[in-house]
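Taking it in order: structure first as structure tokens, then the write-up.
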Amino acid sequence: MGGCFSDVNGGQAAVGVGSRGGLAGPPLEAAQQELNDAVDHFLHTHGLRGLYIPLELSLSASKLLDLDVLSKSDPMAVIYAKKLDGMLEELGRTEVIMNTLNPAWITKFTINYHFEMVQPLVFRVYDIDTKYHNTSVKMLKLNEQDYLGEASCALSEIVTKHERSLTLKLKYRNSPPAVHLGTITVHAEETVASRTAVEMIVRCCHLENKDVFSKSDPFIRISRVVESGISIPVCKTEVVNNNLNPVWKPITLTMQQFGSKENPLIIECFDFNANGKHALLGELQGSMAELEKLSREKIGAHFYVPSSVRQGHKKMLKGQLFVDKFCEKIQYSFLDYISNGFELNFMVAIDFTASNGNPRSPDSLHYIDPSGRLNSYQQAIVGVGEVLQFYDTDKRFPAWGFGGRMSDGSVSHCFNLNGSLDECEVVGVEGIMSSYAMALHNVILAGPTLFGPVINKAAAIASKSLSYSHNKYFVLLIITDGVITDAVETKDAIVKASDLPLSILIVGVGGADFKQMEILDADDGKRLESSTGRIATRDIVQFVPMWEMQGRQISIVQSLLEELPGQFLTYVRSRDIKPIFAHPAAASASQPN
Amino acid sequence: MDNSATLEITIISAEDLRLSHRPLKKNAFVTVRSSTLNAGGASSTSLDRDGGSYPYWNEKLEVGLPSSARSISVEVRCKTGTGERLVAVAAIPVSDFCEPADYLHFLSYRLRERDGERNGIINLSLRMKGASPFGRRAERPPAAPPTTWARGEERRNHGVALGYPMDYGYRV
């Protein structure tokens with residue numbers, strides 16, 4: 001993601017409002033959903049589709065422990081799945097809500113409910129120190145945060161509860177529940193598989209002034225009222241400072257977030273306060289249909305506040321809410337594109353530098369074991385190739401090697417793996433495997449490790465494809481053991497390619513220090529900058545060390561597909577490219593219910 | 001200026017702008033120039049009122065691109081009480097967007113002040129209309145290092161050339 005909020009205080013950033021500006025990535029929860037889609041599709045094509053229902057979990061807590069001296073705790077919740085061996089796999093983190101002991105988090109989690117399995121979940125709540133509030137929650141180190149307690153339950157316990165809400169007492173690890181730690185409430189809902197989204201621009205006028213030395217700093221929070229009568233916050237806008245007639249950036253809400261157009265919503269406007277005690281400037285109830293009406297008739301709706309004199313009565317305020325733009329649009333998912341004429345094209349590049357060790361020696365990363373045991377490269381090719389190849393219809397992959405000495409004595413940083421001079425494509429994963437084994441015989445390992453030439457080669461193929469087709473997306477898989485020597489050229493090549501339909505997956509094998517790769521994979525929110533001052537349009541690199549794929553509970557499929565759908569969607573959405581067979585009629589017919 | 005193409009540039013937004021080392025408050029706008037000589041080669045956006053140091057325009061501009069142009073300049077300016085001030089500039093090489101032909105490029109650049117100090121980022125999209133891409137390609141100097149890869153099928157050792165500074169060894 002482009003680091004849109006890099007200078008904005010964490011608490012002032014928008015949550016759940018959707019992507020915008022053309023350069024930002026899809027919102028976190030959408031990315032989670034698409035990750036799910038991709039993995040789901042993978043399982044499905046492998047005949048592993050079980051009977052399950054996708055559920056969306058929302059979390060809230062009450063009476064949390066107060067660990068801050070002058071204010072209240074700033075809580076964040078982390079949700080884990082407990083594996084059979086007792087290990088915990090992190091499923092996601094909520095946003096941080098400032099200065100409250102009764103948080104209702106907006107970030108939702110999508111989880112597949114398999115009714116034939118026990119799915120134990122663990123929820124941990126942390127107090128996030130103020131100094132971390134500008135850090136993205138994904139980057140937070142949990143052991144540096146104050147632990148407020150945890151609770152666990154099985155997913156089925158939530159689903160079987162009336163109203164699908166389960167309240168659990170928080171406790172410390174390995175100790176019985178304690179009253180003073182408070183409770184956490186988990187609410188589960190079936191996800192609505194709908195592509196409908198609404199984009200709107202809202203503004204307010206004549207808001208009340210709550211600040212003494214300046215004007216109010218308003219933001220909007222929208223909550224959905226669910227059947228049991230409780231309201232679940234679904235999005236909040238960014239804060240507009242010092243303004244009683246604020247206009248917010250466009251909000252995109254998906255059907256998943258607002259339910260149906262008739263579903264009652266609560267729209268609240270608050271004055272942002274850095275200490276977390278946001279003052280209510282007014283609230284109103286209305287559905288999406290009513291908001292649409294406001295936009296069509298260009299009229300405002302008055303805010304109300306609960307009357308201080310008479311219980312249960314409301315006082316109408318001067319402040320009004322206007323909807324300047326309201327449009328429904330269809331948001332296509334990764335799978336919509338892939339299953340409707342869009343094609344992913346895979347390319348592979350393998351490291352032939354000397355640091356891999358002599359291929360004839362058993363401790364080499366390139367050693368081909370006569371017993372058939374796969375070396376690290378082969379494991380990566382098979383592991384990754386099997387996942388990727390089913391997205392590629394013709395299964396013809398350009399395959400290259402780099403850093404090898406050719407038979408004529410020159411070192412090449414991009415040679416065809418199959419030994420041919422003019423044809424770089426091989427057929428299927430088997431094709432890559434046999435060309436790889438053959439290349440090990442014909443090419444002498446040399447160096448240095450340069451990525452620039454293969455990335456440029458892949459970019460040239462992606463660029464060339466645009467002259468005849470706009471429905472191809474390319475994925476270059478680089479398998480390497482080491483640290484690159486052309487960091488500047490690699491960065492330049494990646495930045496240049498960031499405008500093309502291309503993603504780069506880098507798999508690191510062996511035990512080298514891969515710090516440098518982490519920089520290429522712009523996960524810390526910093527955008528990659530080339531030596532000429534050009535800046536990457538979007539993040540196109542995903543780096544996965546092989547040891548991480550083996551050692552942790554995350555499967556290869558998941559680690560690799562984690563960012564690809566998001567990268568793909570940022571590309572097509574910014575260009576307003578639609579799936580090919582999706583006529584408006586077909587799209588609306590495909591909505592369930 | 002014969003054989004000139006038209007550039008459709010959408011100035012989307014800028015990030016983290018500063019004016020005299022303080023975050024810019026308001027009234028930023030962007031001027032795009034394709035040629036320093038020709039006044040017709042410049043076009044400006046309107047003022048951004050609300051975005052502060054993160055202005056958002058999403059405004060489409062059209063400028064002519066003379067066939068001799070090697071780069072276009074994008075200037076972020078700011079209207080202040082006393083007049084206009086230059087905030088920062090980026091130069092966009094024509095080679096960054098001349099191919100593939102008729103493709104909508106989404107590009108971002110580091111902005112720099114006149115003295116070279118870094119000052120924010122500009123995000124824009126750009127499409128070249130008119131001139132035949134092949135005509136333009138032929139006009140490019142044959143040894144432009146960053147684009148050689150796009151030009152043909154020199155396989156084998158073409159990458160090695162990346163290691164040699166071509167012609168800027170004497171400057172600096």
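Going by the structure tokens order, chains are called A, B, ..., each with residues numbered from 1, while ligands are numbered from 1 in the order shown.
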
### Task
Find the residues in chain A near chain B: any atom within 6 Å counts, using only C-alpha atoms. Write them as a PyMOL selection string.
chain A and resi 412+415+453+460+499+533-535+537

### Task
Using only C-alpha atoms, pick whichever of B:Ser68, B:Thr45, B:Asn27, B:Lys129 has the shortest atom-to-atom distance to Gly83 (chain B).
B:Asn27

Long-range neighbours of Ser231 (chain A) as a PDB file with N, CA and C atoms, in the first residue's frame, 9 Å cut-off, only C-alpha atoms, 5 positions minimum in chain:
ATOM      1  N   SER A 223     -22.578   2.851  11.600  1.00  0.00           N
ATOM      2  CA  SER A 223     -22.773   1.523  12.187  1.00  0.00           C
ATOM      3  C   SER A 223     -24.027   0.913  11.592  1.00  0.00           C
ATOM      4  N   ARG A 224     -24.020  -0.392  11.526  1.00  0.00           N
ATOM      5  CA  ARG A 224     -25.175  -1.107  10.996  1.00  0.00           C
ATOM      6  C   ARG A 224     -25.921  -1.733  12.165  1.00  0.00           C
ATOM      7  N   VAL A 225     -27.240  -1.606  12.144  1.00  0.00           N
ATOM      8  CA  VAL A 225     -28.058  -2.214  13.184  1.00  0.00           C
ATOM      9  C   VAL A 225     -28.384  -3.642  12.742  1.00  0.00           C
ATOM     10  N   VAL A 226     -28.010  -4.618  13.543  1.00  0.00           N
ATOM     11  CA  VAL A 226     -28.291  -6.006  13.170  1.00  0.00           C
ATOM     12  C   VAL A 226     -29.566  -6.475  13.860  1.00  0.00           C
ATOM     13  N   LEU A 265     -29.117   2.105   9.479  1.00  0.00           N
ATOM     14  CA  LEU A 265     -27.740   2.455   9.823  1.00  0.00           C
ATOM     15  C   LEU A 265     -27.781   3.600  10.834  1.00  0.00           C
ATOM     16  N   ILE A 266     -26.780   3.657  11.676  1.00  0.00           N
ATOM     17  CA  ILE A 266     -26.663   4.801  12.580  1.00  0.00           C
ATOM     18  C   ILE A 266     -25.474   5.616  12.115  1.00  0.00           C
TER      19      ILE A 266
END

### Message
Set the distance at 12 Å and use only C-alpha atoms: which residues neighbour region 369-375 of chain A once local chain neighbours fewer than 6 positions away are removed? I'd like the list as an NGL selection string.
### Response
:A and (356 or 359-363 or 381-383 or 433 or 436-437 or 509-510 or 546)

Would you save the residues from that selection as a tab-separated table (two decimals), in the first residue's frame, using C-alpha atoms?
chain	number	residue	atom	x	y	z
A	356	ASN	CA	24.80	-22.11	-4.04
A	359	PRO	CA	26.03	-28.90	-7.66
A	360	ARG	CA	27.95	-32.16	-7.43
A	361	SER	CA	28.44	-31.81	-3.69
A	362	PRO	CA	25.55	-33.01	-1.48
A	363	ASP	CA	25.59	-29.85	0.64
A	381	ILE	CA	9.63	-24.88	-8.11
A	382	VAL	CA	7.21	-27.70	-7.31
A	383	GLY	CA	5.65	-26.02	-4.28
A	433	MET	CA	12.16	-29.21	-13.63
A	436	TYR	CA	16.59	-26.88	-14.63
A	437	ALA	CA	18.31	-30.26	-14.29
A	509	VAL	CA	16.33	-20.55	-0.37
A	510	GLY	CA	19.23	-21.37	1.93
A	546	MET	CA	11.75	-20.77	2.11

### Message
From a backbone DSSP assignment, name each residue in region 182-425 of chain A labelled strand (DSSP E), as a count of residues only.
### Response
97

### Task
For CA of Asn102 (chain A) and CA of Ile230 (chain A), quote the distance in Å rounded to one decimal.
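Separation between CA of Asn102 (chain A) and CA of Ile230 (chain A): 14.6 Å.
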
### Query
Using only C-alpha atoms, which of B:Ala88, B:Leu61, B:Ala42, B:Arg33 sits nearest Gly116 (chain B)?
B:Ala88

### Query
Got a sec: who's within 9 Å of region 274-277 of chain A, counting only C-alpha atoms, leaving out chain neighbours fewer than 6 positions off, as a list in words?
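My reading of the contact set: Gly11, Gln12, Ser71, Lys72, Asp74, Ile97, Met98, Asn99 and Thr100 of chain A.
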
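Taking only C-alpha atoms into account, Leu502 (chain A) lies nearest to A:Asp539 out of the set A:Asp539, A:Asp576, A:Glu328, A:Asp481.
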
### Task
Identify which of the residues A:Ser530, A:Thr480, A:Asn345, A:Gln516 lies closest to Ile494 (chain A), counting only C-alpha atoms when measuring atom-to-atom distances.
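Of A:Ser530, A:Thr480, A:Asn345, A:Gln516, the one nearest Ile494 (chain A) is A:Ser530, counting only C-alpha atoms.
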
### Query
Skipping near chain neighbours, those fewer than 2 positions away, what residues fall within 10 Å of Val76 (chain B) using only C-alpha atoms, listed as a list in words?
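The residues satisfying every condition are Ala14, Leu17, Ala28, Phe29, Val30, Thr31, Val32, Ser44, Thr45, Ser73, Val74, Cys78, Arg85, Leu86, Val87, Ala88, Val89, Ala90, Leu111, Arg112, Glu113, Gly120 and Ile122 of chain B.
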
### Task
Calculate how many Å separate CA of Arg124 (chain A) from CA of Leu140 (chain A), rounding to one decimal.
14.0 Å

### Query
Could you work out how far CA of Glu529 (chain A) lies from CA of Leu476 (chain A), giving the answer in Å with one decimal?
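Separation of CA of Leu476 (chain A) and CA of Glu529 (chain A): 20.3 Å.
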
### Task
Do a neighbour search on region 426-432 of chain A at 7 Å with only C-alpha atoms, toss out local chain neighbours closer than 6 positions, and write the hits as a list in words.
Val382, Gly385, Lys395, Arg396, Phe397, Pro398 and Ala399 of chain A
